[in-house]
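Text of the file final_39.cif, holding mmCIF, C-alpha atoms and all ligand atoms; chains and numbers go by the auth columns:
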```cif
data_run
#
loop_
_atom_site.group_PDB
_atom_site.id
_atom_site.type_symbol
_atom_site.label_atom_id
_atom_site.label_comp_id
_atom_site.label_asym_id
_atom_site.label_seq_id
_atom_site.Cartn_x
_atom_site.Cartn_y
_atom_site.Cartn_z
_atom_site.B_iso_or_equiv
_atom_site.auth_seq_id
_atom_site.auth_asym_id
ATOM 1 C CA MET A 1 97.535 95.581 99.879 0.00 1 A
ATOM 2 C CA MET A 2 94.177 95.798 101.641 0.00 2 A
ATOM 3 C CA ILE A 3 92.618 97.478 98.600 0.00 3 A
ATOM 4 C CA ARG A 4 94.030 94.734 96.393 0.00 4 A
ATOM 5 C CA ALA A 5 92.689 92.123 98.803 0.00 5 A
ATOM 6 C CA ASN A 6 89.227 93.719 98.420 0.00 6 A
ATOM 7 C CA LYS A 7 89.024 94.711 102.095 0.00 7 A
ATOM 8 C CA ARG A 8 86.768 97.583 101.173 0.00 8 A
ATOM 9 C CA GLU A 9 85.031 98.019 104.538 0.00 9 A
ATOM 10 C CA GLU A 10 88.265 97.768 106.537 0.00 10 A
ATOM 11 C CA VAL A 11 89.992 100.290 104.286 0.00 11 A
ATOM 12 C CA LEU A 12 87.187 102.838 104.307 0.00 12 A
ATOM 13 C CA THR A 13 86.624 102.649 108.059 0.00 13 A
ATOM 14 C CA SER A 14 90.334 102.807 108.906 0.00 14 A
ATOM 15 C CA THR A 15 92.030 105.926 110.231 0.00 15 A
ATOM 16 C CA SER A 16 95.124 105.618 107.993 0.00 16 A
ATOM 17 C CA MET A 17 94.091 108.098 105.318 0.00 17 A
ATOM 18 C CA TRP A 18 93.130 110.632 107.981 0.00 18 A
ATOM 19 C CA MET A 19 96.699 110.587 109.293 0.00 19 A
ATOM 20 C CA CYS A 20 98.123 111.809 105.984 0.00 20 A
ATOM 21 C CA THR A 21 99.629 115.262 106.465 0.00 21 A
ATOM 22 C CA SER A 22 99.910 115.909 102.714 0.00 22 A
ATOM 23 C CA CYS A 23 103.689 116.184 102.952 0.00 23 A
ATOM 24 C CA TYR A 24 103.980 114.587 99.466 0.00 24 A
ATOM 25 C CA ASN A 25 107.085 112.619 100.507 0.00 25 A
ATOM 26 C CA CYS A 26 105.562 109.426 99.158 0.00 26 A
ATOM 27 C CA ILE A 27 104.846 110.952 95.754 0.00 27 A
ATOM 28 C CA ALA A 28 108.315 112.487 95.578 0.00 28 A
ATOM 29 C CA ARG A 29 110.031 109.214 96.517 0.00 29 A
ATOM 30 C CA CYS A 30 107.850 106.475 95.077 0.00 30 A
ATOM 31 C CA PRO A 31 109.950 104.592 92.482 0.00 31 A
ATOM 32 C CA ARG A 32 106.776 103.824 90.533 0.00 32 A
ATOM 33 C CA GLY A 33 105.505 107.399 90.607 0.00 33 A
ATOM 34 C CA LEU A 34 102.285 106.426 92.332 0.00 34 A
ATOM 35 C CA PRO A 35 100.087 109.334 93.489 0.00 35 A
ATOM 36 C CA ILE A 36 99.791 108.021 97.032 0.00 36 A
ATOM 37 C CA THR A 37 98.856 111.372 98.586 0.00 37 A
ATOM 38 C CA HIS A 38 95.980 111.685 96.128 0.00 38 A
ATOM 39 C CA ILE A 39 94.921 108.126 96.865 0.00 39 A
ATOM 40 C CA MET A 40 94.862 108.962 100.581 0.00 40 A
ATOM 41 C CA HIS A 41 92.749 112.060 99.976 0.00 41 A
ATOM 42 C CA GLY A 42 90.497 110.142 97.600 0.00 42 A
ATOM 43 C CA LEU A 43 89.922 107.394 100.158 0.00 43 A
ATOM 44 C CA ALA A 44 89.143 109.983 102.849 0.00 44 A
ATOM 45 C CA THR A 45 86.668 111.759 100.556 0.00 45 A
ATOM 46 C CA TYR A 46 85.051 108.478 99.561 0.00 46 A
ATOM 47 C CA ALA A 47 84.769 107.314 103.197 0.00 47 A
ATOM 48 C CA LYS A 48 83.161 110.629 104.105 0.00 48 A
ATOM 49 C CA ARG A 49 80.737 110.434 101.209 0.00 49 A
ATOM 50 C CA LEU A 50 79.662 106.966 102.385 0.00 50 A
ATOM 51 C CA ASN A 51 79.469 108.112 106.007 0.00 51 A
ATOM 52 C CA LEU A 52 82.098 105.567 107.050 0.00 52 A
ATOM 53 C CA VAL A 53 84.482 107.907 108.871 0.00 53 A
ATOM 54 C CA PRO A 54 85.183 106.712 112.427 0.00 54 A
ATOM 55 C CA LYS A 55 83.118 108.920 114.757 0.00 55 A
ATOM 56 C CA GLU A 56 85.900 110.433 116.833 0.00 56 A
ATOM 57 C CA GLN A 57 88.288 111.065 113.965 0.00 57 A
ATOM 58 C CA PRO A 58 89.744 114.525 114.767 0.00 58 A
ATOM 59 C CA THR A 59 91.312 115.093 111.356 0.00 59 A
ATOM 60 C CA ALA A 60 87.981 114.541 109.638 0.00 60 A
ATOM 61 C CA LYS A 61 86.351 117.047 111.970 0.00 61 A
ATOM 62 C CA PHE A 62 89.159 119.514 111.330 0.00 62 A
ATOM 63 C CA ALA A 63 88.890 119.038 107.555 0.00 63 A
ATOM 64 C CA GLN A 64 85.167 119.829 107.692 0.00 64 A
ATOM 65 C CA LEU A 65 85.687 122.895 109.897 0.00 65 A
ATOM 66 C CA MET A 66 88.456 124.129 107.610 0.00 66 A
ATOM 67 C CA TRP A 67 86.297 123.606 104.516 0.00 67 A
ATOM 68 C CA ASP A 68 83.280 125.370 106.041 0.00 68 A
ATOM 69 C CA ASN A 69 85.457 128.253 107.211 0.00 69 A
ATOM 70 C CA LEU A 70 87.358 128.674 103.940 0.00 70 A
ATOM 71 C CA THR A 71 84.439 128.372 101.553 0.00 71 A
ATOM 72 C CA LYS A 72 82.371 131.066 103.292 0.00 72 A
ATOM 73 C CA LYS A 73 84.530 133.940 102.038 0.00 73 A
ATOM 74 C CA GLY A 74 87.356 132.312 100.108 0.00 74 A
ATOM 75 C CA ARG A 75 89.940 133.032 102.796 0.00 75 A
ATOM 76 C CA THR A 76 90.578 131.383 106.125 0.00 76 A
ATOM 77 C CA ASN A 77 89.256 133.260 109.135 0.00 77 A
ATOM 78 C CA GLU A 78 91.908 132.111 111.589 0.00 78 A
ATOM 79 C CA LEU A 79 90.182 133.410 114.695 0.00 79 A
ATOM 80 C CA LYS A 80 86.936 131.598 113.925 0.00 80 A
ATOM 81 C CA LEU A 81 88.784 128.478 112.778 0.00 81 A
ATOM 82 C CA GLY A 82 90.822 128.388 115.990 0.00 82 A
ATOM 83 C CA LEU A 83 87.742 128.889 118.150 0.00 83 A
ATOM 84 C CA SER A 84 85.717 126.283 116.267 0.00 84 A
ATOM 85 C CA LEU A 85 88.571 123.821 116.770 0.00 85 A
ATOM 86 C CA TYR A 86 88.767 124.502 120.491 0.00 86 A
ATOM 87 C CA PHE A 87 85.007 124.155 120.882 0.00 87 A
ATOM 88 C CA MET A 88 84.458 121.228 118.509 0.00 88 A
ATOM 89 C CA ASN A 89 84.053 118.780 121.407 0.00 89 A
ATOM 90 C CA GLY A 90 81.849 120.964 123.584 0.00 90 A
ATOM 91 C CA ILE A 91 81.796 124.159 125.617 0.00 91 A
ATOM 92 C CA GLY A 92 83.732 122.818 128.632 0.00 92 A
ATOM 93 C CA GLU A 93 86.670 121.617 126.552 0.00 93 A
ATOM 94 C CA GLY A 94 86.513 124.796 124.470 0.00 94 A
ATOM 95 C CA ILE A 95 86.859 127.046 127.491 0.00 95 A
ATOM 96 C CA LYS A 96 89.736 124.949 128.850 0.00 96 A
ATOM 97 C CA LYS A 97 91.596 125.037 125.542 0.00 97 A
ATOM 98 C CA SER A 98 90.948 128.750 125.019 0.00 98 A
ATOM 99 C CA LEU A 99 92.338 129.526 128.471 0.00 99 A
ATOM 100 C CA ALA A 100 95.346 127.275 127.889 0.00 100 A
ATOM 101 C CA MET A 101 96.092 129.059 124.586 0.00 101 A
ATOM 102 C CA LYS A 102 95.260 132.608 125.678 0.00 102 A
ATOM 103 C CA ASP A 103 98.888 133.791 125.931 0.00 103 A
ATOM 104 C CA ILE A 104 99.644 132.605 122.415 0.00 104 A
ATOM 105 C CA GLY A 105 96.444 134.242 121.135 0.00 105 A
ATOM 106 C CA LEU A 106 97.223 137.533 122.870 0.00 106 A
ATOM 107 C CA GLY A 107 100.787 137.426 121.551 0.00 107 A
ATOM 108 C CA MET A 108 99.454 136.943 118.022 0.00 108 A
ATOM 109 C CA MET A 109 97.102 139.883 118.478 0.00 109 A
ATOM 110 C CA LYS A 110 99.907 142.110 119.758 0.00 110 A
ATOM 111 C CA THR A 111 102.058 141.344 116.723 0.00 111 A
ATOM 112 C CA GLY A 112 99.126 141.803 114.339 0.00 112 A
ATOM 113 C CA ARG A 113 98.985 138.142 113.300 0.00 113 A
ATOM 114 C CA LEU A 114 95.441 137.816 114.589 0.00 114 A
ATOM 115 C CA SER A 115 92.744 140.466 114.818 0.00 115 A
ATOM 116 C CA PRO A 116 89.708 140.357 117.127 0.00 116 A
ATOM 117 C CA MET A 117 87.850 142.101 114.273 0.00 117 A
ATOM 118 C CA GLU A 118 88.001 138.784 112.380 0.00 118 A
ATOM 119 C CA PHE A 119 85.238 137.659 114.681 0.00 119 A
ATOM 120 C CA PHE A 120 82.903 140.160 113.000 0.00 120 A
ATOM 121 C CA GLY A 121 83.723 139.289 109.429 0.00 121 A
ATOM 122 C CA GLY A 122 87.358 139.092 108.459 0.00 122 A
ATOM 123 C CA HIS A 123 89.001 139.001 105.056 0.00 123 A
ATOM 124 C CA GLY A 124 87.409 137.500 102.015 0.00 124 A
ATOM 125 C CA VAL A 125 87.745 137.436 98.267 0.00 125 A
ATOM 126 C CA LYS A 126 86.109 140.326 96.420 0.00 126 A
ATOM 127 C CA ASP A 127 83.881 138.160 94.266 0.00 127 A
ATOM 128 C CA THR A 128 82.124 135.770 96.658 0.00 128 A
ATOM 129 C CA SER A 129 79.413 134.930 94.121 0.00 129 A
ATOM 130 C CA GLY A 130 82.195 133.954 91.661 0.00 130 A
ATOM 131 C CA LEU A 131 83.717 131.808 94.407 0.00 131 A
ATOM 132 C CA LYS A 132 80.374 130.050 94.993 0.00 132 A
ATOM 133 C CA LYS A 133 79.984 129.453 91.249 0.00 133 A
ATOM 134 C CA MET A 134 83.501 128.018 91.038 0.00 134 A
ATOM 135 C CA LEU A 135 82.849 125.660 93.966 0.00 135 A
ATOM 136 C CA ALA A 136 79.522 124.588 92.459 0.00 136 A
ATOM 137 C CA LYS A 137 81.249 123.876 89.143 0.00 137 A
ATOM 138 C CA ALA A 138 83.965 121.847 90.892 0.00 138 A
ATOM 139 C CA GLN A 139 81.242 119.875 92.665 0.00 139 A
ATOM 140 C CA GLU A 140 79.457 119.288 89.368 0.00 140 A
ATOM 141 C CA ILE A 141 82.688 118.030 87.733 0.00 141 A
ATOM 142 C CA GLU A 142 83.316 115.720 90.687 0.00 142 A
ATOM 143 C CA GLU A 143 79.786 114.306 90.436 0.00 143 A
ATOM 144 C CA GLN A 144 80.356 113.660 86.716 0.00 144 A
ATOM 145 C CA HIS A 145 83.593 111.794 87.501 0.00 145 A
ATOM 146 C CA ILE A 146 81.832 109.693 90.123 0.00 146 A
ATOM 147 C CA ALA A 147 78.964 108.939 87.742 0.00 147 A
ATOM 148 C CA GLY A 148 81.602 107.955 85.146 0.00 148 A
ATOM 149 C CA TYR A 149 83.218 105.490 87.550 0.00 149 A
ATOM 150 C CA LYS A 150 79.877 103.958 88.413 0.00 150 A
ATOM 151 C CA GLY A 151 79.012 103.993 84.782 0.00 151 A
HETATM 152 S S1 LIG B . 100.822 109.294 102.814 0.00 201 B
HETATM 153 FE FE1 LIG B . 102.424 110.430 101.739 0.00 201 B
HETATM 154 S S2 LIG B . 101.757 112.569 101.825 0.00 201 B
HETATM 155 FE FE2 LIG B . 100.605 111.472 103.385 0.00 201 B
HETATM 156 S S3 LIG B . 101.825 111.696 105.251 0.00 201 B
HETATM 157 FE FE3 LIG B . 102.452 109.746 104.332 0.00 201 B
HETATM 158 S S4 LIG B . 104.248 110.292 103.065 0.00 201 B
HETATM 159 FE FE4 LIG B . 103.164 112.234 103.561 0.00 201 B
#
```

Please render this file's structure as structure tokens.
Ligand code: SF4
Amino acid sequence: MMIRANKREEVLTSTSMWMCTSCYNCIARCPRGLPITHIMHGLATYAKRLNLVPKEQPTAKFAQLMWDNLTKKGRTNELKLGLSLYFMNGIGEGIKKSLAMKDIGLGMMKTGRLSPMEFFGGHGVKDTSGLKKMLAKAQEIEEQHIAGYKG
């Protein structure tokens, strides 16, 4: 309704689209078949592109950390992702969170779900240059779409 009412600024600076968990319930249930999840993601991407994301939006920070982590080697480095999340608001908070989660982390290491060796590299796809090319191509296609909309 706000988009229809041309409340562009209010929509793009709101936190609503950052709360979407991508559960796809809305797409599965919408009687009109509207791609609401995609609209949410599109609004979030657009707000980020225009630098309109509310400053302390944790989901936006997480999305960026996840993207940076994943695109380095094509696979998530869970140890580094976890640590970057704990430390995203500073060293003090990072140490507190790490200590609070240490038993879970140690348990994961014992069962082989997390390896300290991930800190020194971790898994990745074999063809990282192919991965970079694919991401660059996706970016190029996205830019073409955006140019088409502006067009
Ligand atoms: S907007 Fe749709 S996909 Fe996102 S959380 Fe709500 S129901 Fe789930």

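For the atom pair formed by atom S3 of ligand LIG 201 (chain B) and CA of Cys23 in chain A, the distance is 5.4 Å, given to one decimal.
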
Inset, instruction - Tell me which residues the PyMOL selection byres (((not hetatm)) within 6 of (chain B and resi 201)) grabs here, as a VMD selection string. - result: chain A and resid 20 to 26 36 to 37

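The result of the PyMOL selection byres (((chain A and resi 122) around 9) and not hetatm) on the shown file is Lys73, Arg75, Thr76, Asn77, Glu78, Leu79, Ser115, Met117, Glu118, Phe119, Phe120, Gly121, His123 and Gly124 of chain A.
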
Inset, instruction - Excluding Val11 in chain A and residues on its chain fewer than 3 positions from it, collect all residues at most 12 Å away from it, counting only C-alpha atoms, and give them as a list in words. - result: Met1, Met2, Ile3, Arg4, Ala5, Asn6, Lys7, Arg8, Ser14, Thr15, Ser16, Met17, Trp18, Ile39, Met40, Gly42, Leu43, Ala44, Tyr46, Ala47, Leu52, Val53 and Pro54 of chain A

Legend entry - Best match for closeness to Leu135 in chain A among A:Gly107, A:Gly74, A:Gly90, A:Pro116, counting all atoms listed in the file: A:Gly74

Legend entry - d(CA of Thr71 in chain A, CA of Leu131 in chain A) in Å: 8.0 Å

Legend entry - Pairwise distance for CA of Glu142 in chain A and CA of Glu10 in chain A, rounded to one decimal in Å: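 Between CA of Glu142 in chain A and CA of Glu10 in chain A the gap is 24.5 Å.
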
Legend entry - Nearest-residue call for Pro58 in chain A, choices A:Leu85, A:Gly112, A:Gly105, A:His41, using only C-alpha atoms: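 Among the listed residues, A:Leu85 lies closest to Pro58 in chain A.
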
Legend entry - Residue with smallest distance to Ser129 in chain A - pool A:Lys110, A:His38, A:Lys72, A:His145, counting all atoms listed in the file: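 Once distances to Ser129 in chain A are computed over all atoms listed in the file, the minimum belongs to A:Lys72.
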
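If you measure from each of A:Asn89, A:Ser84, A:Thr111, A:Thr13 to Asn69 in chain A using all atoms listed in the file, the closest one turns out to be A:Ser84.
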
Once 3 Å is added on each side, what are the centre and the three edge lengths, in Å to one decimal, of the axis-aligned box enclosing the listed atoms of range 133-151 of chain A? Present them as JSON.
```
{"center_x": 81.5, "center_y": 116.7, "center_z": 89.4, "size_x": 11.0, "size_y": 31.5, "size_z": 15.2}
```
